[in-house]
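Chemist: Okay, handing you the structure first.
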Amino acid sequence: MEGYSQTKLSKSNWIDNIPNSWKEGNLNYFSEFVMGQAPHSDTYNKDKIGEVFIKTGDFGEISPTVKWYTTNPLVYGRESDVFICVVGATAGKVNKGINGTISRSVAALRPKKNVLRDFLFYFLQYNYVELNNMSEGSAQGIININILSSIILPVPPLKEQEQIVAFLDDKTAKIDDLLAKTKKKIELLKEKRTALIYHCVTKGLNPSMEMKDSGVKWIGEIPKDWTTVKLKYTINPTRKITYGIVQPGVFDSNGRYMIRGQDYSFGWVDESNVFRVSEKIELPYKRSRIKTNDIVFTIVGAGIGNVGLVP
């Protein structure tokens, strides 16, 4: 894994230079594409009846997590494949393949004999951002397979691929272990932070204060001189609590910004990553236009309950 003394300019927009001994070519030259297909929803189950069924929501960091099964398998993926999400917010995410049927939002890439599956996996995993940016056509985002297949793939000799994969397996495993330990510490700190906030906003700062029942089960006791009030009475009566746009349609580069839960759940994203909706679709929802210091609250999806303070 020492530095290479002789390199050549890559044909890819994603890469500067590659070693002279490496080849390059379109992704579809080095791998076969197999598109998934969704069985009827009536055949889905979590009771391990039938065949494993992989959807984009099952993608993990390395391999899919088996959650679903189907009694009507249509398109099979293989352990020797690389799976890639081609629809949705996670479009471009890749996993090492497993044996099972794949949904229409997943494509299986079957490396040919001159490319190792794990080398292809590492290359695509590294370029997730570029792959995700290729998605287009709707709020969900779809990666065009023709565009995907034209990606330039650098291909070292097989022996060198084996060395690169072995090196990355070792190093990434150590990093992943460190990340897991760090993540655990972060979770404990988050719990401590949440407990601190909860105590202060429901019990106050004076530990000797006389308490009374709040009448609200999830709050419990509050200081005796505190009162409770319904949320709707604490806000500006001219700007009532409201939900936002239900069907945003396709992205409109000249449209209005539309805040989604993913835009604030982990800290506010850059303005350039915020979805834009046409003014025609937005106009009936003008009641939900936001201002600085408003509070947004996720009411649908995996991030339900997340809160953001509008900057």
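Residue numbering restarts at 1 for every chain of the structure tokens, chains are lettered A, B, ... in their displayed order, and ligands are numbered from 1 as they appear.
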Quick one: everything within 7 Å of range 63-72 of chain A, counting only C-alpha atoms, minus sequence neighbours fewer than 3 positions away in the same chain. Send it as a ChimeraX atom specification.

Modeler: /A:39,43-46,48-54,58-60,95-97

Chemist: Would you pick out the contacts of Val307 in chain A at 8 Å or less, using only C-alpha atoms, so that residues sharing its chain but fewer than 5 positions from it are not included, and give the list as a list in words?

Modeler: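 Residues near the query, excluding close chain neighbours: Tyr264, Ser265, Ile295, Val296, Phe297 and Thr298 of chain A.
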
Chemist: For the residues selected in the previous step, produce a file with all heavy atoms as a PDB file, in the first residue's frame.

Modeler:
```
ATOM      1  N   TYR A 264     -33.398  18.900   9.706  1.00  0.00           N
ATOM      2  CA  TYR A 264     -33.032  19.443  11.018  1.00  0.00           C
ATOM      3  C   TYR A 264     -32.815  18.384  12.097  1.00  0.00           C
ATOM      4  O   TYR A 264     -32.338  18.695  13.192  1.00  0.00           O
ATOM      5  CB  TYR A 264     -34.101  20.431  11.504  1.00  0.00           C
ATOM      6  CG  TYR A 264     -35.494  19.846  11.619  1.00  0.00           C
ATOM      7  CD1 TYR A 264     -35.863  19.100  12.728  1.00  0.00           C
ATOM      8  CD2 TYR A 264     -36.441  20.053  10.626  1.00  0.00           C
ATOM      9  CE1 TYR A 264     -37.147  18.569  12.842  1.00  0.00           C
ATOM     10  CE2 TYR A 264     -37.713  19.525  10.725  1.00  0.00           C
ATOM     11  CZ  TYR A 264     -38.064  18.779  11.826  1.00  0.00           C
ATOM     12  OH  TYR A 264     -39.319  18.247  11.936  1.00  0.00           O
ATOM     13  N   SER A 265     -33.136  17.120  11.807  1.00  0.00           N
ATOM     14  CA  SER A 265     -33.091  16.086  12.842  1.00  0.00           C
ATOM     15  C   SER A 265     -31.696  15.863  13.405  1.00  0.00           C
ATOM     16  O   SER A 265     -31.541  15.439  14.553  1.00  0.00           O
ATOM     17  CB  SER A 265     -33.646  14.766  12.296  1.00  0.00           C
ATOM     18  OG  SER A 265     -35.027  14.895  12.028  1.00  0.00           O
ATOM     19  N   ILE A 295     -40.740  26.723  15.891  1.00  0.00           N
ATOM     20  CA  ILE A 295     -40.361  25.351  16.237  1.00  0.00           C
ATOM     21  C   ILE A 295     -41.032  24.405  15.255  1.00  0.00           C
ATOM     22  O   ILE A 295     -42.240  24.484  15.023  1.00  0.00           O
ATOM     23  CB  ILE A 295     -40.774  25.009  17.682  1.00  0.00           C
ATOM     24  CG1 ILE A 295     -39.970  25.860  18.671  1.00  0.00           C
ATOM     25  CG2 ILE A 295     -40.564  23.518  17.971  1.00  0.00           C
ATOM     26  CD1 ILE A 295     -40.413  25.710  20.112  1.00  0.00           C
ATOM     27  N   VAL A 296     -40.234  23.531  14.641  1.00  0.00           N
ATOM     28  CA  VAL A 296     -40.779  22.515  13.734  1.00  0.00           C
ATOM     29  C   VAL A 296     -40.682  21.155  14.422  1.00  0.00           C
ATOM     30  O   VAL A 296     -39.759  20.887  15.193  1.00  0.00           O
ATOM     31  CB  VAL A 296     -40.030  22.500  12.381  1.00  0.00           C
ATOM     32  CG1 VAL A 296     -40.434  23.692  11.545  1.00  0.00           C
ATOM     33  CG2 VAL A 296     -38.514  22.492  12.558  1.00  0.00           C
ATOM     34  N   PHE A 297     -41.646  20.291  14.114  1.00  0.00           N
ATOM     35  CA  PHE A 297     -41.823  19.035  14.842  1.00  0.00           C
ATOM     36  C   PHE A 297     -42.194  17.952  13.845  1.00  0.00           C
ATOM     37  O   PHE A 297     -43.154  18.108  13.094  1.00  0.00           O
ATOM     38  CB  PHE A 297     -42.932  19.239  15.880  1.00  0.00           C
ATOM     39  CG  PHE A 297     -43.180  18.070  16.793  1.00  0.00           C
ATOM     40  CD1 PHE A 297     -42.523  17.972  18.009  1.00  0.00           C
ATOM     41  CD2 PHE A 297     -44.080  17.065  16.447  1.00  0.00           C
ATOM     42  CE1 PHE A 297     -42.768  16.907  18.857  1.00  0.00           C
ATOM     43  CE2 PHE A 297     -44.322  15.995  17.286  1.00  0.00           C
ATOM     44  CZ  PHE A 297     -43.656  15.924  18.505  1.00  0.00           C
ATOM     45  N   THR A 298     -41.432  16.870  13.817  1.00  0.00           N
ATOM     46  CA  THR A 298     -41.691  15.790  12.861  1.00  0.00           C
ATOM     47  C   THR A 298     -42.880  14.949  13.324  1.00  0.00           C
ATOM     48  O   THR A 298     -42.874  14.429  14.438  1.00  0.00           O
ATOM     49  CB  THR A 298     -40.448  14.894  12.705  1.00  0.00           C
ATOM     50  OG1 THR A 298     -39.336  15.709  12.331  1.00  0.00           O
ATOM     51  CG2 THR A 298     -40.673  13.833  11.636  1.00  0.00           C
TER      52      THR A 298
END
```

Chemist: Using only C-alpha atoms, tabulate the residues of range 71-105 of chain A lying at most 9 Å from any atom of range 15-35 of chain A, each with its closest atom pair and that distance in Å to one decimal, by chain and increasing residue number, as CSV.

Modeler:
```
residue,atom,partner,partner_atom,distance
A:Val75,CA,A:Met35,CA,7.7
A:Tyr76,CA,A:Val34,CA,8.8
A:Gly77,CA,A:Val34,CA,8.2
A:Ile102,CA,A:Met35,CA,8.1
A:Ser103,CA,A:Met35,CA,8.2
A:Arg104,CA,A:Met35,CA,6.5
A:Ser105,CA,A:Met35,CA,8.2
```

Chemist: Compile the contact shell of range 117-128 of chain A as a list in words: residues with an atom at most 7 Å away, counting only C-alpha atoms, same-chain residues fewer than 3 positions apart removed.

Modeler: Ser80, Asp81, Val82, Gly92, Lys93, Val94, Lys96, Pro111, Leu131, Asn132, Gln161 and Val165 of chain A

Chemist: Looking at only C-alpha atoms, which of A:Ser150, A:Ser214, A:Gln247, A:Asn13 is the one that sits closest to Val229 in chain A?

Modeler: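 Closest to Val229 in chain A, using only C-alpha atoms: A:Ser214.
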
Chemist: When you look at range 204-206 of chain A with a cut-off of 9 Å (counting only C-alpha atoms), what residues show up, excluding the ones that are within fewer than 5 positions of it in the same chain? I need them as an mmCIF file with N, CA, C and O atoms, in the first residue's frame.

Modeler:
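What ended up in around01.cif:
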```cif
data_model
loop_
_atom_site.group_PDB
_atom_site.id
_atom_site.type_symbol
_atom_site.label_atom_id
_atom_site.label_comp_id
_atom_site.auth_asym_id
_atom_site.auth_seq_id
_atom_site.Cartn_x
_atom_site.Cartn_y
_atom_site.Cartn_z
ATOM 1 N N HIS A 199 -35.557 17.362 33.761
ATOM 2 C CA HIS A 199 -35.640 17.735 35.178
ATOM 3 C C HIS A 199 -35.836 19.242 35.327
ATOM 4 O O HIS A 199 -36.683 19.689 36.120
ATOM 5 N N ILE A 222 -44.768 18.764 39.625
ATOM 6 C CA ILE A 222 -44.141 20.040 39.277
ATOM 7 C C ILE A 222 -44.125 20.920 40.533
ATOM 8 O O ILE A 222 -44.840 20.646 41.503
ATOM 9 N N PRO A 223 -43.290 21.969 40.547
ATOM 10 C CA PRO A 223 -43.287 22.869 41.712
ATOM 11 C C PRO A 223 -44.680 23.418 42.005
ATOM 12 O O PRO A 223 -45.479 23.652 41.085
#
```

Chemist: Which value, in Å to one decimal, gives the distance between CA of Ser288 in chain A and CA of Gly88 in chain A?

Modeler: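 Distance between the two atoms: 24.6 Å.
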